[in-house]
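Chemist: Just passing along the structure, written as structure tokens.
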Number of protein chains: 2
Amino acid sequence: MGDIQKSSNIVWHEAQVSRDMRENMNGHQGAVLWFTGLSGAGKSTLAHAVEERLHRMGVRTFVIDGDNVRHGLCADLSFSDADRVENIRRVGEVAKLFVQAGMLTLTAFISPFRADRNQVRHILGDDFIEVYCNTPLDVCESRDVKGLYKKARAGEIADFTGISSPYEAPEHAEISVNTGEDSLDDCVEQVLAYLQAKGVIGNV
Amino acid sequence: MGDIQKSSNIVWHEAQVSRDMRENMNGHQGAVLWFTGLSGAGKSTLAHAVEERLHRMGVRTFVIDGDNVRHGLCADLSFSDADRVENIRRVGEVAKLFVQAGMLTLTAFISPFRADRNQVRHILGDDFIEVYCNTPLDVCESRDVKGLYKKARAGEIADFTGISSPYEAPEHAEISVNTGEDSLDDCVEQVLAYLQAKGVIGNV
């Protein structure tokens with residue numbers, strides 16, 4: 001970056017800020033916490049609570065969920081089987097970009113099918129941390145915060161996960177939290193403990 | 001975040017880390033520098049050079065370009081007209097997520113059509129900063145770093161921007177740099193000066 005020259009023949013050297021450089025600046029690693037579970041299991045609430053704690057610790061975070069994806073990046077997608085697969089694929093690819101940017105990224109999608117989650121695991125490799133929000137169906141249905149289970153039982157929503165479409169629980173999730181029994185604080189602590197043990201964040 | 005409780009009826013309060021909170025932590029604003037120009041105009045090189053300078057100033061940055069998008073998020077897209085439009089749309093939507101995450105985001109795509117760039121401007125609003133890399137066609141063609149112009153002239157590449165497909169130059173770009181005449185350092189300084197004048201970054 002030395003002398004100032006005026007020439008169309010000047011060699012324009014390709015600079016590159018690497019993931020390592022970003023992580024060093026941030027003081028923590030990039031990674032993806034992939035929250036999966038039934039509707040009403042607490043995925044989004046837990047993801048945001050974990051994010052808040054991490055943010056207070058100085059960690060660079062971002063939550064990708066239906067709220068900021070379905071009206072934007074994936075606005076062209078329906079809820080057909082093929083489009084649900086594509087929705088999860090795109091979220092996985094965007095999460096990969098965020099990891100390269102050095103961010104601790106959290107995603108909150110039902111993502112009911114093992115094949116789809118495994119595709120994301122393949123995209124992200126060691127950066128993928130599956131967090132199974134294990135709330136039993138009857139608890140989710142009794143909460144029914146959005147009234148969706150009632151509608152699904154009445155046949156007003158097709159292919160509703162847990163009712164008319166399967167939820168394939170993770171078999172080897174990195175983190176499994178009893179979001180149906182434990183307090184939010186407990187669940188947050190379990191996720192943070194994993195991140196510290198794995199060395200994604202320091203012991204703050 | 002007080003007592004530890006074990007109850008499935010516990011109210012799970014929704015936490016939220018806002019863009020403002022992230023920007024305060026970072027010490028700069030989120031924004032998108034959208035580099036546009038002919039193939040060989042220097043978009044990617046300039047974007048990475050600006051990023052390197054910003055990174056050294058402690059700014060959180062990320063470059064989105066063909067290298068990290070075409071094999072991932074947009075791997076399902078061809079180079080048809082419709083798919084090129086969709087490619088730019090997705091990049092705009094991902095850039096929006098990065099801005100919400102508080103990042104100073106740089107994109108490097110030919111993006112030859114005003115309508116497509118205006119769509120992104122609409123998505124991003126005031127966060128959109130168009131950077132026109134204004135290198136004349138004959139200079140780009142004489143550089144021909146990737147040998148693409150030669151192939152396009154030989155008719156081996158259809159709809160090649162500048163040869164067999166139009167490039168619609170920006171009429172009101174926030175920044176216009178003479179990437180065909182000025183040195184890389186000069187161009188970097190012009191972009192940084194704009195970011196400081198706009199208050200995106202401080203005077204470091």
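By convention in this document, the chains of the structure tokens carry letters A, B, ... by their order, each chain's residues are numbered from 1, and ligands are numbered from 1 in the order they are shown.
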Could you give me chain A least-squares fitted onto chain B (all C-alpha atoms, paired in order), as a PDB file with C-alpha atoms, in the first residue's frame?
Modeler:
ATOM      1  CA  MET A   1     -32.906 -14.143  34.640  1.00  0.00           C
ATOM      2  CA  GLY A   2     -33.397 -14.758  38.375  1.00  0.00           C
ATOM      3  CA  ASP A   3     -34.365 -17.941  40.164  1.00  0.00           C
ATOM      4  CA  ILE A   4     -33.991 -21.395  38.810  1.00  0.00           C
ATOM      5  CA  GLN A   5     -37.364 -23.063  38.428  1.00  0.00           C
ATOM      6  CA  LYS A   6     -38.515 -26.407  37.151  1.00  0.00           C
ATOM      7  CA  SER A   7     -41.854 -25.958  35.500  1.00  0.00           C
ATOM      8  CA  SER A   8     -43.335 -26.402  32.088  1.00  0.00           C
ATOM      9  CA  ASN A   9     -45.545 -23.405  32.804  1.00  0.00           C
ATOM     10  CA  ILE A  10     -42.678 -20.994  33.288  1.00  0.00           C
ATOM     11  CA  VAL A  11     -42.960 -17.844  31.196  1.00  0.00           C
ATOM     12  CA  TRP A  12     -40.108 -17.771  28.717  1.00  0.00           C
ATOM     13  CA  HIS A  13     -39.460 -14.079  28.177  1.00  0.00           C
ATOM     14  CA  GLU A  14     -38.342 -13.145  24.674  1.00  0.00           C
ATOM     15  CA  ALA A  15     -34.923 -11.498  24.756  1.00  0.00           C
ATOM     16  CA  GLN A  16     -33.704  -9.461  21.823  1.00  0.00           C
ATOM     17  CA  VAL A  17     -30.266  -8.217  20.861  1.00  0.00           C
ATOM     18  CA  SER A  18     -30.902  -5.280  18.547  1.00  0.00           C
ATOM     19  CA  ARG A  19     -28.901  -3.860  15.676  1.00  0.00           C
ATOM     20  CA  ASP A  20     -28.204  -0.778  17.784  1.00  0.00           C
ATOM     21  CA  MET A  21     -26.715  -2.921  20.548  1.00  0.00           C
ATOM     22  CA  ARG A  22     -24.439  -4.650  18.051  1.00  0.00           C
ATOM     23  CA  GLU A  23     -23.357  -1.360  16.477  1.00  0.00           C
ATOM     24  CA  ASN A  24     -22.594   0.083  19.893  1.00  0.00           C
ATOM     25  CA  MET A  25     -20.449  -2.940  20.679  1.00  0.00           C
ATOM     26  CA  ASN A  26     -18.652  -2.669  17.344  1.00  0.00           C
ATOM     27  CA  GLY A  27     -18.126   1.087  17.430  1.00  0.00           C
ATOM     28  CA  HIS A  28     -19.359   1.592  13.868  1.00  0.00           C
ATOM     29  CA  GLN A  29     -22.546   1.269  11.862  1.00  0.00           C
ATOM     30  CA  GLY A  30     -23.707  -1.559   9.661  1.00  0.00           C
ATOM     31  CA  ALA A  31     -23.966  -0.730   5.953  1.00  0.00           C
ATOM     32  CA  VAL A  32     -23.546  -2.281   2.510  1.00  0.00           C
ATOM     33  CA  LEU A  33     -20.959  -1.136  -0.006  1.00  0.00           C
ATOM     34  CA  TRP A  34     -22.357  -2.451  -3.289  1.00  0.00           C
ATOM     35  CA  PHE A  35     -19.553  -2.538  -5.858  1.00  0.00           C
ATOM     36  CA  THR A  36     -20.813  -2.619  -9.456  1.00  0.00           C
ATOM     37  CA  GLY A  37     -18.988  -2.451 -12.770  1.00  0.00           C
ATOM     38  CA  LEU A  38     -17.815  -4.406 -15.797  1.00  0.00           C
ATOM     39  CA  SER A  39     -15.927  -7.672 -15.570  1.00  0.00           C
ATOM     40  CA  GLY A  40     -12.313  -6.679 -14.888  1.00  0.00           C
ATOM     41  CA  ALA A  41     -13.227  -3.252 -13.544  1.00  0.00           C
ATOM     42  CA  GLY A  42     -11.652  -4.078 -10.188  1.00  0.00           C
ATOM     43  CA  LYS A  43     -14.757  -4.573  -8.040  1.00  0.00           C
ATOM     44  CA  SER A  44     -13.540  -7.579  -6.072  1.00  0.00           C
ATOM     45  CA  THR A  45      -9.979  -6.291  -5.716  1.00  0.00           C
ATOM     46  CA  LEU A  46     -11.181  -2.911  -4.482  1.00  0.00           C
ATOM     47  CA  ALA A  47     -13.743  -4.472  -2.138  1.00  0.00           C
ATOM     48  CA  HIS A  48     -11.096  -6.683  -0.544  1.00  0.00           C
ATOM     49  CA  ALA A  49      -8.608  -3.811  -0.290  1.00  0.00           C
ATOM     50  CA  VAL A  50     -11.232  -1.631   1.414  1.00  0.00           C
ATOM     51  CA  GLU A  51     -12.069  -4.517   3.717  1.00  0.00           C
ATOM     52  CA  GLU A  52      -8.435  -4.980   4.697  1.00  0.00           C
ATOM     53  CA  ARG A  53      -8.102  -1.314   5.618  1.00  0.00           C
ATOM     54  CA  LEU A  54     -11.359  -1.381   7.580  1.00  0.00           C
ATOM     55  CA  HIS A  55     -10.338  -4.553   9.392  1.00  0.00           C
ATOM     56  CA  ARG A  56      -7.076  -2.922  10.477  1.00  0.00           C
ATOM     57  CA  MET A  57      -9.214  -0.078  11.866  1.00  0.00           C
ATOM     58  CA  GLY A  58     -11.168  -2.587  13.970  1.00  0.00           C
ATOM     59  CA  VAL A  59     -14.266  -2.559  11.778  1.00  0.00           C
ATOM     60  CA  ARG A  60     -16.309  -5.777  11.498  1.00  0.00           C
ATOM     61  CA  THR A  61     -16.458  -6.558   7.776  1.00  0.00           C
ATOM     62  CA  PHE A  62     -17.440  -9.238   5.300  1.00  0.00           C
ATOM     63  CA  VAL A  63     -17.198  -9.498   1.509  1.00  0.00           C
ATOM     64  CA  ILE A  64     -19.938 -11.322  -0.379  1.00  0.00           C
ATOM     65  CA  ASP A  65     -18.902 -12.157  -3.929  1.00  0.00           C
ATOM     66  CA  GLY A  66     -19.252 -14.829  -6.554  1.00  0.00           C
ATOM     67  CA  ASP A  67     -16.571 -16.931  -4.885  1.00  0.00           C
ATOM     68  CA  ASN A  68     -18.539 -17.552  -1.715  1.00  0.00           C
ATOM     69  CA  VAL A  69     -22.061 -17.432  -3.142  1.00  0.00           C
ATOM     70  CA  ARG A  70     -22.111 -19.182  -6.506  1.00  0.00           C
ATOM     71  CA  HIS A  71     -20.958 -22.512  -5.037  1.00  0.00           C
ATOM     72  CA  GLY A  72     -23.174 -22.222  -1.980  1.00  0.00           C
ATOM     73  CA  LEU A  73     -26.312 -20.150  -1.476  1.00  0.00           C
ATOM     74  CA  CYS A  74     -26.845 -19.679  -5.217  1.00  0.00           C
ATOM     75  CA  ALA A  75     -25.479 -23.017  -6.425  1.00  0.00           C
ATOM     76  CA  ASP A  76     -28.950 -23.868  -7.721  1.00  0.00           C
ATOM     77  CA  LEU A  77     -28.994 -20.864 -10.053  1.00  0.00           C
ATOM     78  CA  SER A  78     -27.913 -20.762 -13.697  1.00  0.00           C
ATOM     79  CA  PHE A  79     -26.816 -17.686 -15.626  1.00  0.00           C
ATOM     80  CA  SER A  80     -30.210 -17.216 -17.283  1.00  0.00           C
ATOM     81  CA  ASP A  81     -31.780 -13.755 -17.053  1.00  0.00           C
ATOM     82  CA  ALA A  82     -34.266 -14.865 -14.386  1.00  0.00           C
ATOM     83  CA  ASP A  83     -31.606 -16.615 -12.332  1.00  0.00           C
ATOM     84  CA  ARG A  84     -29.260 -13.609 -12.497  1.00  0.00           C
ATOM     85  CA  VAL A  85     -32.060 -11.466 -11.102  1.00  0.00           C
ATOM     86  CA  GLU A  86     -32.662 -14.014  -8.340  1.00  0.00           C
ATOM     87  CA  ASN A  87     -28.922 -14.189  -7.616  1.00  0.00           C
ATOM     88  CA  ILE A  88     -28.752 -10.441  -7.015  1.00  0.00           C
ATOM     89  CA  ARG A  89     -31.963 -10.492  -4.985  1.00  0.00           C
ATOM     90  CA  ARG A  90     -30.598 -13.176  -2.651  1.00  0.00           C
ATOM     91  CA  VAL A  91     -27.321 -11.322  -2.214  1.00  0.00           C
ATOM     92  CA  GLY A  92     -29.306  -8.207  -1.312  1.00  0.00           C
ATOM     93  CA  GLU A  93     -31.336 -10.134   1.256  1.00  0.00           C
ATOM     94  CA  VAL A  94     -28.250 -11.746   2.781  1.00  0.00           C
ATOM     95  CA  ALA A  95     -26.536  -8.352   2.884  1.00  0.00           C
ATOM     96  CA  LYS A  96     -29.564  -7.098   4.820  1.00  0.00           C
ATOM     97  CA  LEU A  97     -29.083  -9.837   7.415  1.00  0.00           C
ATOM     98  CA  PHE A  98     -25.405  -8.897   7.728  1.00  0.00           C
ATOM     99  CA  VAL A  99     -26.347  -5.248   8.242  1.00  0.00           C
ATOM    100  CA  GLN A 100     -28.787  -6.244  10.966  1.00  0.00           C
ATOM    101  CA  ALA A 101     -25.886  -8.152  12.489  1.00  0.00           C
ATOM    102  CA  GLY A 102     -23.961  -4.862  12.618  1.00  0.00           C
ATOM    103  CA  MET A 103     -21.441  -5.735   9.915  1.00  0.00           C
ATOM    104  CA  LEU A 104     -19.997  -3.409   7.315  1.00  0.00           C
ATOM    105  CA  THR A 105     -20.725  -5.597   4.316  1.00  0.00           C
ATOM    106  CA  LEU A 106     -19.132  -5.355   0.885  1.00  0.00           C
ATOM    107  CA  THR A 107     -20.527  -7.037  -2.232  1.00  0.00           C
ATOM    108  CA  ALA A 108     -18.798  -7.461  -5.587  1.00  0.00           C
ATOM    109  CA  PHE A 109     -21.040  -8.419  -8.497  1.00  0.00           C
ATOM    110  CA  ILE A 110     -21.236  -7.009 -12.027  1.00  0.00           C
ATOM    111  CA  SER A 111     -24.964  -6.407 -11.355  1.00  0.00           C
ATOM    112  CA  PRO A 112     -25.350  -4.730 -14.776  1.00  0.00           C
ATOM    113  CA  PHE A 113     -29.034  -3.812 -14.617  1.00  0.00           C
ATOM    114  CA  ARG A 114     -30.386  -0.718 -12.873  1.00  0.00           C
ATOM    115  CA  ALA A 115     -33.644  -2.477 -12.023  1.00  0.00           C
ATOM    116  CA  ASP A 116     -31.799  -5.195 -10.097  1.00  0.00           C
ATOM    117  CA  ARG A 117     -29.601  -2.731  -8.211  1.00  0.00           C
ATOM    118  CA  ASN A 118     -32.649  -0.611  -7.453  1.00  0.00           C
ATOM    119  CA  GLN A 119     -34.389  -3.664  -6.043  1.00  0.00           C
ATOM    120  CA  VAL A 120     -31.459  -4.115  -3.664  1.00  0.00           C
ATOM    121  CA  ARG A 121     -31.538  -0.387  -2.848  1.00  0.00           C
ATOM    122  CA  HIS A 122     -35.198  -0.854  -1.977  1.00  0.00           C
ATOM    123  CA  ILE A 123     -34.403  -3.861   0.246  1.00  0.00           C
ATOM    124  CA  LEU A 124     -31.606  -2.038   2.069  1.00  0.00           C
ATOM    125  CA  GLY A 125     -32.854   1.557   2.149  1.00  0.00           C
ATOM    126  CA  ASP A 126     -30.353   4.012   3.623  1.00  0.00           C
ATOM    127  CA  ASP A 127     -27.910   1.181   4.301  1.00  0.00           C
ATOM    128  CA  PHE A 128     -27.231   0.824   0.563  1.00  0.00           C
ATOM    129  CA  ILE A 129     -24.091   2.544  -0.745  1.00  0.00           C
ATOM    130  CA  GLU A 130     -23.582   2.021  -4.469  1.00  0.00           C
ATOM    131  CA  VAL A 131     -19.933   2.086  -5.536  1.00  0.00           C
ATOM    132  CA  TYR A 132     -19.512   2.413  -9.276  1.00  0.00           C
ATOM    133  CA  CYS A 133     -16.190   0.980 -10.399  1.00  0.00           C
ATOM    134  CA  ASN A 134     -15.910   3.073 -13.540  1.00  0.00           C
ATOM    135  CA  THR A 135     -13.322   1.416 -15.747  1.00  0.00           C
ATOM    136  CA  PRO A 136     -13.918   1.918 -19.503  1.00  0.00           C
ATOM    137  CA  LEU A 137     -14.724  -1.193 -21.501  1.00  0.00           C
ATOM    138  CA  ASP A 138     -11.535  -0.957 -23.583  1.00  0.00           C
ATOM    139  CA  VAL A 139      -9.402  -0.955 -20.432  1.00  0.00           C
ATOM    140  CA  CYS A 140     -11.261  -3.947 -18.977  1.00  0.00           C
ATOM    141  CA  GLU A 141     -10.921  -5.756 -22.279  1.00  0.00           C
ATOM    142  CA  SER A 142      -7.208  -4.994 -22.570  1.00  0.00           C
ATOM    143  CA  ARG A 143      -6.657  -6.316 -19.020  1.00  0.00           C
ATOM    144  CA  ASP A 144      -8.821  -9.410 -19.622  1.00  0.00           C
ATOM    145  CA  VAL A 145      -7.384 -11.082 -16.520  1.00  0.00           C
ATOM    146  CA  LYS A 146      -9.602 -14.143 -16.845  1.00  0.00           C
ATOM    147  CA  GLY A 147      -9.586 -14.325 -20.658  1.00  0.00           C
ATOM    148  CA  LEU A 148     -13.349 -13.870 -20.668  1.00  0.00           C
ATOM    149  CA  TYR A 149     -13.487 -10.944 -23.109  1.00  0.00           C
ATOM    150  CA  LYS A 150     -11.553 -12.953 -25.688  1.00  0.00           C
ATOM    151  CA  LYS A 151     -14.023 -15.793 -25.346  1.00  0.00           C
ATOM    152  CA  ALA A 152     -16.971 -13.403 -25.493  1.00  0.00           C
ATOM    153  CA  ARG A 153     -15.619 -11.794 -28.682  1.00  0.00           C
ATOM    154  CA  ALA A 154     -15.237 -15.274 -30.158  1.00  0.00           C
ATOM    155  CA  GLY A 155     -18.887 -15.922 -29.367  1.00  0.00           C
ATOM    156  CA  GLU A 156     -18.057 -18.595 -26.809  1.00  0.00           C
ATOM    157  CA  ILE A 157     -19.888 -16.800 -23.970  1.00  0.00           C
ATOM    158  CA  ALA A 158     -23.472 -15.662 -24.510  1.00  0.00           C
ATOM    159  CA  ASP A 159     -24.834 -12.455 -22.978  1.00  0.00           C
ATOM    160  CA  PHE A 160     -21.455 -11.205 -21.821  1.00  0.00           C
ATOM    161  CA  THR A 161     -21.768  -7.810 -20.158  1.00  0.00           C
ATOM    162  CA  GLY A 162     -20.241  -5.033 -22.281  1.00  0.00           C
ATOM    163  CA  ILE A 163     -19.965  -7.223 -25.373  1.00  0.00           C
ATOM    164  CA  SER A 164     -23.271  -8.928 -26.054  1.00  0.00           C
ATOM    165  CA  SER A 165     -25.312  -7.675 -23.100  1.00  0.00           C
ATOM    166  CA  PRO A 166     -25.572  -4.079 -21.819  1.00  0.00           C
ATOM    167  CA  TYR A 167     -24.046  -2.597 -18.702  1.00  0.00           C
ATOM    168  CA  GLU A 168     -26.330   0.092 -17.339  1.00  0.00           C
ATOM    169  CA  ALA A 169     -24.043   2.487 -15.489  1.00  0.00           C
ATOM    170  CA  PRO A 170     -25.353   3.941 -12.207  1.00  0.00           C
ATOM    171  CA  GLU A 171     -26.837   7.427 -12.559  1.00  0.00           C
ATOM    172  CA  HIS A 172     -26.726   8.367  -8.891  1.00  0.00           C
ATOM    173  CA  ALA A 173     -24.076   6.170  -7.296  1.00  0.00           C
ATOM    174  CA  GLU A 174     -23.095   7.261  -3.812  1.00  0.00           C
ATOM    175  CA  ILE A 175     -19.452   6.707  -4.780  1.00  0.00           C
ATOM    176  CA  SER A 176     -17.924   6.641  -8.257  1.00  0.00           C
ATOM    177  CA  VAL A 177     -14.284   5.643  -8.553  1.00  0.00           C
ATOM    178  CA  ASN A 178     -12.088   5.757 -11.627  1.00  0.00           C
ATOM    179  CA  THR A 179     -10.811   2.238 -11.226  1.00  0.00           C
ATOM    180  CA  GLY A 180      -9.370   2.449 -14.732  1.00  0.00           C
ATOM    181  CA  GLU A 181      -7.071   5.400 -13.945  1.00  0.00           C
ATOM    182  CA  ASP A 182      -6.549   5.807 -10.225  1.00  0.00           C
ATOM    183  CA  SER A 183      -4.339   3.663  -8.033  1.00  0.00           C
ATOM    184  CA  LEU A 184      -5.857   1.121  -5.698  1.00  0.00           C
ATOM    185  CA  ASP A 185      -4.787   3.275  -2.734  1.00  0.00           C
ATOM    186  CA  ASP A 186      -6.560   6.294  -4.191  1.00  0.00           C
ATOM    187  CA  CYS A 187      -9.758   4.340  -4.713  1.00  0.00           C
ATOM    188  CA  VAL A 188      -9.628   2.893  -1.199  1.00  0.00           C
ATOM    189  CA  GLU A 189      -9.197   6.396   0.236  1.00  0.00           C
ATOM    190  CA  GLN A 190     -12.223   7.669  -1.668  1.00  0.00           C
ATOM    191  CA  VAL A 191     -14.423   4.920  -0.269  1.00  0.00           C
ATOM    192  CA  LEU A 192     -13.125   5.430   3.294  1.00  0.00           C
ATOM    193  CA  ALA A 193     -13.648   9.191   3.036  1.00  0.00           C
ATOM    194  CA  TYR A 194     -17.270   8.602   2.084  1.00  0.00           C
ATOM    195  CA  LEU A 195     -17.818   6.219   5.006  1.00  0.00           C
ATOM    196  CA  GLN A 196     -16.340   8.744   7.418  1.00  0.00           C
ATOM    197  CA  ALA A 197     -18.342  11.654   6.006  1.00  0.00           C
ATOM    198  CA  LYS A 198     -21.536   9.609   6.281  1.00  0.00           C
ATOM    199  CA  GLY A 199     -20.677   8.641   9.848  1.00  0.00           C
ATOM    200  CA  VAL A 200     -20.609   4.885   9.188  1.00  0.00           C
ATOM    201  CA  ILE A 201     -17.111   4.731  10.681  1.00  0.00           C
ATOM    202  CA  GLY A 202     -15.314   7.188  12.929  1.00  0.00           C
ATOM    203  CA  ASN A 203     -12.289   9.237  11.944  1.00  0.00           C
ATOM    204  CA  VAL A 204      -9.564   6.765  12.833  1.00  0.00           C
TER     205      VAL A 204
END
Chemist: Would you give me, as a list in words, the residues in range 24-126 of chain B that DSSP reads as strand (DSSP E)?
Modeler: Ala31, Val32, Leu33, Trp34, Phe35, Thr36, Thr61, Phe62, Val63, Ile64, Asp65, Leu104, Thr105, Leu106, Thr107 and Ala108 of chain B
Chemist: Among the residues of chain B, find those DSSP assigns to alpha helix (DSSP H) from the backbone and print them as a PyMOL selection string.
Modeler: chain B and resi 19-26+43-56+66-69+81-100+114-124+137-143+148-153+184-198
